[in-house]
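Note sheet for the following structure.
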2 protein chains.
Amino acid sequence: MTNASPPPKRRELVLLTHAVPQWIGPDVESEFDLRMLDLSCDACRHARVMITPGPAKLGADILGELPALEYIAAVGSGIEGIDITYAARRGIRITNSAIATAEDVADHTLAITLALYARIISLDHAVRTGNWPEPAFRRSLRDLNVGIVGLGAIGAAVARRLAPFGCSVKWTGPRFRDTPYDYVADLAGLAEWADILIVAARADASNAGMINANVLDRLGAEGLLVNVSRGSIVDEDALIVALKQNRLGGAALDVFRSEPTPAERWKDVPNIVLSPHIGGYALGVQRNIQKLLRENLHAFFDGSMQKGIVVQETNA
Amino acid sequence: MTNASPPPKRRELVLLTHAVPQWIGPDVESEFDLRMLDLSCDACRHARVMITPGPAKLGADILGELPALEYIAAVGSGIEGIDITYAARRGIRITNSAIATAEDVADHTLAITLALYARIISLDHAVRTGNWPEPAFRRSLRDLNVGIVGLGAIGAAVARRLAPFGCSVKWTGPRFRDTPYDYVADLAGLAEWADILIVAARADASNAGMINANVLDRLGAEGLLVNVSRGSIVDEDALIVALKQNRLGGAALDVFRSEPTPAERWKDVPNIVLSPHIGGYALGVQRNIQKLLRENLHAFFDGSMQKGIVVQETNA
């Protein structure tokens with residue numbers, strides 16, 4: 001598999017579903033034989049590894065055409081585009097890079113959460129338009145309950161950042177784990193308890209639309225919803241109705257059902273903070289993902305990557 | 001000084017420079033004989049205690065008319081309106097309530113700092129107007145240096161909140177103290193080192209205009225200025241010029257030279273987040289200040305307040 005020249009480089013074939021040079025980096029670009037996926041190309045059928053952004057659609061139809069595929073390296077956090085049931089049956093390993101994005105996505109999560117809590121958008125607008133408001137007393141953060149949906153790498157990094165603010169933190173997820181925070185098995189129950197509900201779960205078919213009208217009503221007229229995971233987890237139509245009817249206090253969203261989200265969809269929706277799926281776009285993430293991807297590729301080809309893991313965030 | 005009825009209440013005279021019922025609370029309202037300051041009123045001349053919002057102008061001219069005055073309880077953090085030199089000469093004690101506001105002002109400081117860092121205002125506007133941007137890589141917070149000007153109760157509360165974000169923190173102030181953070185004696189040197197400079201110092205005559213054009217130039221074209229202290233500390237004209245000339249990266253301001261700040265002053269000034277001096281307006285602050293004020297008044301009239309302290313944040 002190794003070319004004669006340049007001698008020190010390994011040149012194993014690695015497929016790409018998309019050109020994502022910003023995540024791949026110069027080392028991997030020079031060390032491997034990167035080719036865009038093309039099902040009509042015969043070499044592709046012998047590829048053992050593929051790099052893909054997680055949201056890219058990779059169903060059984062495409063994977064079935066790649067009989068030699070053993071490993072999918074997803075850059076980014078989500079893997080909702082990949083048919084993981086099929087991949088598991090084939091024994092195809094999948095890694096994502098949530099751990100590489102966690103700290104920066106958590107930074108952005110705090111930014112939009114605090115912007116929503118502190119009404120930054122409307123206060124900034126008021127000052128700029130000469131409508132300096134009479135001060136109103138806000139609730140103190142240390143008096144608020146924050147529920148985190150999904151205490152993976154991102155959720156845990158969010159919880160750590162919340163600690164010095166003195167909020168009470170509880171979390172939910174599909175499985176209990178021992179963490180520094182109380183676990184609530186029932187999402188609706190967590191929403192009922194929470195003043196702020198932060199969605200940081202990995203999106204997959206099982207949790208599509210999980211934040212539905214009932215959950216939003218439990219969160220309530222003073223409650224704030226924050227989503228930094230994937231738009232698919234939130235019933236966005238129900239969210240918009242709840243906001244327009246003031247049955248929900250506000251929402252801060254970095255992710256949407258479709259992206260770019262149509263601007264007209266958010267017209268006349270009160271108490272929102274919108275950002276363009278930007279959470280993971282930080283230089284530290286780029287550095288981490290390039291490093292993690294390179295380590296994972298080397299581990300795979302060296303045979304030192306653990307077997308049988310469908311989703312692992314790192315090969316460490 | 002105590003009325004015969006109602007018997008359990010103490011009814012010592014306490015002057016008010018302003019009606020600030022939201023900070024005084026029902027207990028102090030019922031326990032003391034509160035009167036608005038009126039220099040033509042003879043009883044006022046015998047008052048030993050006065051409550052004032054710190055920014056209110058209390059010069060030697062007014063204080064000279066109050067020969068019995070022994071104690072000024074300032075509600076809020078600043079005491080820049082009070083002639084502390086004259087008060088010290090007279091032995092008049094002054095307390096402020098920075099410690100009561102610190103946690104909530106620090107919450108708001110993080111909100112405007114992160115909003116500026118994460119470009120929340122412009123990204124939100126882009127999404128709402130259908131101009132979903134191509135993602136740009138921001139610098140990671142953990143790669144940034146944060147300089148804090150004034151490590152009192154508020155500055156320290158800000159520093160604690162920054163810790164989980166992984167920023168490097170150093171501080172400056174008029175006097176070295178042993179703290180968990182490196183001290184930099186020289187403000188311009190701190191600005192040179194810092195990517196984000198957060199002003200949390202108590203304003204007084206000595207630091208008016210301290211954040212001047214030179215400090216802003218040291219902070220530089222990528223640097224971010226945050227002010228939650230008082231507008232007087234920043235040379236606001238120099239700040240506006242630096243922002244317009246892109247010699248400074250951005251500014252988040254909760255306080256202004258004059259408040260309300262004129263809207264036209266900020267027209268066409270790029271990369272700003274403005275909030276209407278709202279940092280301390282939280283229910284937890286109200287609770288804390290009412291409690292602190294009551295404790296201080298009782299301690300004063302009971303004779304248990306420490307003597308000779310010009311500014312103390314609590315009587316504990």
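Identifiers in this document derive from the order of the structure tokens: chains are assigned A, B, ..., residues are numbered from 1 separately in each chain, and ligands are numbered from 1 in order of occurrence.
Close contacts of segment 109-120 of chain A, defined as residues with an atom at most 7 Å away when counting only C-alpha atoms, with chain neighbours fewer than 2 positions off set aside, comprise Val105, Ala106, Asp107, Ser122, Leu123, Asp124, Val226, Val228, Ala252, Ile272 and Val273 of chain A; His108, Ala111, Leu114, Ala115 and Ala118 of chain B.
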Create the file for the chosen residues now, containing C-alpha atoms and written as a PDB file, in the first residue's frame.
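result-v2.pdb, freshly written:
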```pdb
ATOM      1  CA  VAL A 105     -19.114  24.380  21.512  1.00  0.00           C
ATOM      2  CA  ALA A 106     -19.571  24.757  25.281  1.00  0.00           C
ATOM      3  CA  ASP A 107     -18.100  28.277  25.067  1.00  0.00           C
ATOM      4  CA  SER A 122     -33.212  43.522  22.902  1.00  0.00           C
ATOM      5  CA  LEU A 123     -31.244  45.634  25.403  1.00  0.00           C
ATOM      6  CA  ASP A 124     -28.540  46.385  22.842  1.00  0.00           C
ATOM      7  CA  VAL A 226     -31.063  26.340  24.240  1.00  0.00           C
ATOM      8  CA  VAL A 228     -26.534  23.438  20.292  1.00  0.00           C
ATOM      9  CA  ALA A 252     -31.306  30.363  21.833  1.00  0.00           C
ATOM     10  CA  ILE A 272     -34.829  34.453  20.494  1.00  0.00           C
ATOM     11  CA  VAL A 273     -31.086  34.411  19.932  1.00  0.00           C
TER      12      VAL A 273
ATOM     13  CA  HIS B 108     -23.827  40.184  33.320  1.00  0.00           C
ATOM     14  CA  ALA B 111     -22.948  37.759  29.217  1.00  0.00           C
ATOM     15  CA  LEU B 114     -19.181  36.371  25.549  1.00  0.00           C
ATOM     16  CA  ALA B 115     -21.706  38.204  23.343  1.00  0.00           C
ATOM     17  CA  ALA B 118     -18.947  35.295  19.922  1.00  0.00           C
TER      18      ALA B 118
END
```
_Among segment 124-299 of chain A, which residues does DSSP mark as strand (DSSP E) when it is run on the backbone? Keep the chain and numbering as in the structure and answer as a VMD selection string._
chain A and resid 145 to 149 168 to 172 182 to 183 196 to 199 224 to 227 250 to 253 272 to 274
*Using only C-alpha atoms, determine which residues lie at most 9 Å from Pro262 of chain B, disregarding the query and same-chain residues fewer than 5 positions distant; provide the list as a PyMOL selection string.*
chain A and resi 127-130
Go ahead and save the picked residues with N, CA and C atoms, as a tab-separated table (two decimals), in the first residue's frame.
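Done, and the output landed in part19.tsv:
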```tsv
chain	number	residue	atom	x	y	z
A	127	VAL	N	-30.72	50.42	23.56
A	127	VAL	CA	-29.73	51.49	23.76
A	127	VAL	C	-29.40	52.16	22.43
A	128	ARG	N	-29.24	51.37	21.38
A	128	ARG	CA	-28.86	51.94	20.08
A	128	ARG	C	-29.96	52.79	19.47
A	129	THR	N	-31.20	52.54	19.86
A	129	THR	CA	-32.31	53.29	19.26
A	129	THR	C	-32.82	54.39	20.20
A	130	GLY	N	-32.05	54.67	21.25
A	130	GLY	CA	-32.44	55.75	22.14
A	130	GLY	C	-33.60	55.41	23.07
```
_Neighbouring residues of Ile154 of chain B were defined as those with any atom within 12 Å, considering only C-alpha atoms; residues of the same chain fewer than 5 positions away were excluded. Please report them as a PyMOL selection string._
chain B and resi 76-78+97-110+148-149+159-161+198-202+227-229+279-280+313
*What's the 8 Å shell around Ala73 of chain A, counting only C-alpha atoms, without same-chain residues fewer than 3 positions away, as a list in words?*
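The filter keeps Val49, Met50, Ile51, Thr52, Ile94, Thr95, Asn96, Leu293 and Asn296 of chain A.
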How about saving the chosen residues, N, CA and C atoms kept, as a PDB file, in the first residue's frame?
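The resulting result25.pdb:
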```
ATOM      1  N   VAL A  49     -11.306   2.955   4.435  1.00  0.00           N
ATOM      2  CA  VAL A  49     -11.576   4.086   5.331  1.00  0.00           C
ATOM      3  C   VAL A  49     -12.257   5.217   4.572  1.00  0.00           C
ATOM      4  N   MET A  50     -13.165   5.900   5.261  1.00  0.00           N
ATOM      5  CA  MET A  50     -13.822   7.057   4.669  1.00  0.00           C
ATOM      6  C   MET A  50     -13.932   8.159   5.717  1.00  0.00           C
ATOM      7  N   ILE A  51     -13.678   9.395   5.271  1.00  0.00           N
ATOM      8  CA  ILE A  51     -13.867  10.575   6.125  1.00  0.00           C
ATOM      9  C   ILE A  51     -15.130  11.283   5.658  1.00  0.00           C
ATOM     10  N   THR A  52     -15.967  11.683   6.620  1.00  0.00           N
ATOM     11  CA  THR A  52     -17.213  12.347   6.250  1.00  0.00           C
ATOM     12  C   THR A  52     -17.621  13.329   7.339  1.00  0.00           C
ATOM     13  N   ILE A  94     -17.105   3.503  13.602  1.00  0.00           N
ATOM     14  CA  ILE A  94     -17.381   4.925  13.353  1.00  0.00           C
ATOM     15  C   ILE A  94     -16.790   5.719  14.510  1.00  0.00           C
ATOM     16  N   THR A  95     -16.036   6.734  14.190  1.00  0.00           N
ATOM     17  CA  THR A  95     -15.634   7.668  15.252  1.00  0.00           C
ATOM     18  C   THR A  95     -16.215   9.024  14.915  1.00  0.00           C
ATOM     19  N   ASN A  96     -16.619   9.752  15.935  1.00  0.00           N
ATOM     20  CA  ASN A  96     -16.950  11.161  15.705  1.00  0.00           C
ATOM     21  C   ASN A  96     -15.904  11.990  16.448  1.00  0.00           C
ATOM     22  N   LEU A 293      -8.101  13.226  13.945  1.00  0.00           N
ATOM     23  CA  LEU A 293      -8.284  12.488  12.691  1.00  0.00           C
ATOM     24  C   LEU A 293      -6.989  11.790  12.304  1.00  0.00           C
ATOM     25  N   ASN A 296      -6.350   8.879  14.596  1.00  0.00           N
ATOM     26  CA  ASN A 296      -7.268   7.772  14.323  1.00  0.00           C
ATOM     27  C   ASN A 296      -6.888   7.038  13.044  1.00  0.00           C
TER      28      ASN A 296
END
```
*asked:* DSSP on the backbone, helix (DSSP H, G or I) only: what residues of segment 67-105 of chain B does that give? Format it as a VMD selection string.
replied: chain B and resid 84 to 90 98 to 105
Same residues, N, CA and C atoms, output as a PDB file, in the first residue's frame:
```pdb
ATOM      1  N   ILE B  84     -14.835  61.753  49.170  1.00  0.00           N
ATOM      2  CA  ILE B  84     -14.344  60.867  50.232  1.00  0.00           C
ATOM      3  C   ILE B  84     -13.200  61.508  51.016  1.00  0.00           C
ATOM      4  N   THR B  85     -12.493  62.443  50.408  1.00  0.00           N
ATOM      5  CA  THR B  85     -11.422  63.140  51.135  1.00  0.00           C
ATOM      6  C   THR B  85     -12.016  63.951  52.285  1.00  0.00           C
ATOM      7  N   TYR B  86     -13.063  64.697  51.928  1.00  0.00           N
ATOM      8  CA  TYR B  86     -13.739  65.485  52.958  1.00  0.00           C
ATOM      9  C   TYR B  86     -14.359  64.570  54.014  1.00  0.00           C
ATOM     10  N   ALA B  87     -15.015  63.497  53.561  1.00  0.00           N
ATOM     11  CA  ALA B  87     -15.666  62.572  54.495  1.00  0.00           C
ATOM     12  C   ALA B  87     -14.644  61.967  55.449  1.00  0.00           C
ATOM     13  N   ALA B  88     -13.475  61.609  54.907  1.00  0.00           N
ATOM     14  CA  ALA B  88     -12.429  61.023  55.746  1.00  0.00           C
ATOM     15  C   ALA B  88     -11.957  62.017  56.811  1.00  0.00           C
ATOM     16  N   ARG B  89     -11.822  63.280  56.396  1.00  0.00           N
ATOM     17  CA  ARG B  89     -11.378  64.309  57.337  1.00  0.00           C
ATOM     18  C   ARG B  89     -12.382  64.458  58.471  1.00  0.00           C
ATOM     19  N   ARG B  90     -13.643  64.350  58.125  1.00  0.00           N
ATOM     20  CA  ARG B  90     -14.693  64.451  59.133  1.00  0.00           C
ATOM     21  C   ARG B  90     -14.860  63.158  59.925  1.00  0.00           C
ATOM     22  N   ALA B  98     -20.800  46.841  46.971  1.00  0.00           N
ATOM     23  CA  ALA B  98     -20.265  46.093  45.837  1.00  0.00           C
ATOM     24  C   ALA B  98     -20.373  44.594  46.086  1.00  0.00           C
ATOM     25  N   ILE B  99     -20.155  44.191  47.335  1.00  0.00           N
ATOM     26  CA  ILE B  99     -20.182  42.764  47.629  1.00  0.00           C
ATOM     27  C   ILE B  99     -21.575  42.187  47.402  1.00  0.00           C
ATOM     28  N   ALA B 100     -22.597  43.012  47.531  1.00  0.00           N
ATOM     29  CA  ALA B 100     -23.974  42.543  47.328  1.00  0.00           C
ATOM     30  C   ALA B 100     -24.307  42.406  45.851  1.00  0.00           C
ATOM     31  N   THR B 101     -23.602  43.154  45.010  1.00  0.00           N
ATOM     32  CA  THR B 101     -23.898  43.137  43.579  1.00  0.00           C
ATOM     33  C   THR B 101     -22.953  42.227  42.808  1.00  0.00           C
ATOM     34  N   ALA B 102     -21.858  41.820  43.468  1.00  0.00           N
ATOM     35  CA  ALA B 102     -20.739  41.226  42.730  1.00  0.00           C
ATOM     36  C   ALA B 102     -21.143  40.039  41.864  1.00  0.00           C
ATOM     37  N   GLU B 103     -21.874  39.096  42.439  1.00  0.00           N
ATOM     38  CA  GLU B 103     -22.155  37.865  41.685  1.00  0.00           C
ATOM     39  C   GLU B 103     -23.015  38.160  40.455  1.00  0.00           C
ATOM     40  N   ASP B 104     -24.008  39.005  40.621  1.00  0.00           N
ATOM     41  CA  ASP B 104     -24.898  39.286  39.484  1.00  0.00           C
ATOM     42  C   ASP B 104     -24.239  40.194  38.459  1.00  0.00           C
ATOM     43  N   VAL B 105     -23.450  41.159  38.924  1.00  0.00           N
ATOM     44  CA  VAL B 105     -22.729  41.993  37.957  1.00  0.00           C
ATOM     45  C   VAL B 105     -21.735  41.119  37.181  1.00  0.00           C
TER      46      VAL B 105
END
```
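For the choices A:Leu162, A:Ala194, A:Cys44, A:Ile211, the atom-to-atom distance to chain B is smallest for A:Leu162 when using only C-alpha atoms.
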*Quick one, how far is atom CA of Pro55 of chain B from atom CA of Ser140 of chain A?*
23.6 Å
Do a neighbour search on Gly250 of chain B at 10 Å with only C-alpha atoms, toss out local chain neighbours closer than 6 positions, and write the hits as a compact mmCIF listing (two decimals) with C-alpha atoms, in the first residue's frame.
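Output file around_35.txt follows:
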```txt
# COMPACT_ATOMS: atom_id res chain seq x y z
CA LEU B 116 -18.87 40.41 22.10
CA TYR B 117 -16.42 37.52 21.72
CA ARG B 119 -20.31 38.18 17.77
CA ILE B 196 -9.82 40.93 26.47
CA GLY B 220 -5.00 46.51 19.85
CA ALA B 221 -6.95 45.76 16.70
CA GLU B 222 -7.97 42.27 17.87
CA GLY B 223 -8.49 43.35 21.46
CA LEU B 224 -11.84 43.55 23.22
CA LEU B 225 -12.71 46.06 25.94
CA VAL B 226 -15.44 45.36 28.49
CA LEU B 239 -12.82 54.53 22.53
CA ILE B 240 -15.23 55.54 19.77
CA ALA B 242 -10.39 53.59 18.12
CA LEU B 243 -13.40 51.43 17.21
CA LYS B 244 -14.23 53.46 14.11
CA VAL B 269 -19.51 52.38 15.69
CA PRO B 270 -18.62 48.78 14.78
CA ASN B 271 -18.28 45.70 16.99
CA ILE B 272 -20.08 46.86 20.10
CA VAL B 273 -22.47 45.35 22.62
```
*Find the residues near segment 9-26 of chain B: any atom within 10 Å, counting only C-alpha atoms, skip ones fewer than 2 places away on the same chain, and give them as a ChimeraX atom specification.*
/A:137 /B:1-7,28-38,43-53,56-58,69,71-73,75-76,285-294,297-298,301
Output the selection as a CSV table (one decimal), in the first residue's frame - C-alpha atoms for each residue.
```
chain,number,residue,atom,x,y,z
A,137,PHE,CA,-35.0,43.1,38.0
B,1,MET,CA,-34.7,58.8,69.6
B,2,THR,CA,-37.1,55.9,69.9
B,3,ASN,CA,-40.8,56.6,69.6
B,4,ALA,CA,-43.2,55.2,72.3
B,5,SER,CA,-45.3,53.4,69.8
B,6,PRO,CA,-45.1,51.1,67.9
B,7,PRO,CA,-42.9,49.7,70.7
B,28,VAL,CA,-35.8,49.3,56.9
B,29,GLU,CA,-38.8,51.3,55.8
B,30,SER,CA,-40.7,50.3,58.9
B,31,GLU,CA,-37.8,50.2,61.4
B,32,PHE,CA,-36.4,53.6,60.7
B,33,ASP,CA,-37.6,57.2,60.3
B,34,LEU,CA,-36.7,57.7,56.7
B,35,ARG,CA,-36.7,61.3,55.4
B,36,MET,CA,-35.7,62.8,52.1
B,37,LEU,CA,-32.6,65.1,52.5
B,38,ASP,CA,-33.7,68.8,52.7
B,43,ALA,CA,-34.1,67.8,61.8
B,44,CYS,CA,-31.9,66.8,58.9
B,45,ARG,CA,-29.0,68.7,60.5
B,46,HIS,CA,-29.2,66.3,63.4
B,47,ALA,CA,-29.2,63.2,61.2
B,48,ARG,CA,-26.3,60.8,61.9
B,49,VAL,CA,-26.9,58.5,58.9
B,50,MET,CA,-27.7,59.0,55.2
B,51,ILE,CA,-28.5,56.5,52.5
B,52,THR,CA,-27.5,57.4,48.9
B,53,PRO,CA,-27.0,55.8,45.6
B,56,ALA,CA,-25.3,60.9,43.6
B,57,LYS,CA,-23.3,64.1,44.1
B,58,LEU,CA,-22.4,64.5,47.8
B,69,LEU,CA,-23.5,63.0,59.9
B,71,TYR,CA,-22.2,57.4,58.3
B,72,ILE,CA,-23.1,57.3,54.6
B,73,ALA,CA,-24.6,54.0,53.4
B,75,VAL,CA,-26.4,51.4,47.8
B,76,GLY,CA,-24.7,50.1,44.7
B,285,VAL,CA,-28.8,41.9,44.4
B,286,GLN,CA,-32.0,43.5,45.7
B,287,ARG,CA,-32.2,40.8,48.4
B,288,ASN,CA,-28.5,41.2,49.3
B,289,ILE,CA,-28.5,45.0,49.4
B,290,GLN,CA,-31.7,45.2,51.5
B,291,LYS,CA,-30.1,42.7,53.9
B,292,LEU,CA,-26.7,44.4,54.0
B,293,LEU,CA,-28.2,47.8,54.4
B,294,ARG,CA,-30.4,46.7,57.3
B,297,LEU,CA,-27.9,50.4,59.9
B,298,HIS,CA,-28.5,48.2,63.0
B,301,PHE,CA,-27.0,52.5,65.8
```
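Candidate residues B:Pro164, B:Gly303, B:Gly59, B:Gly150 were compared for distance to Ile233 of chain B, and the nearest is B:Gly150, using only C-alpha atoms.
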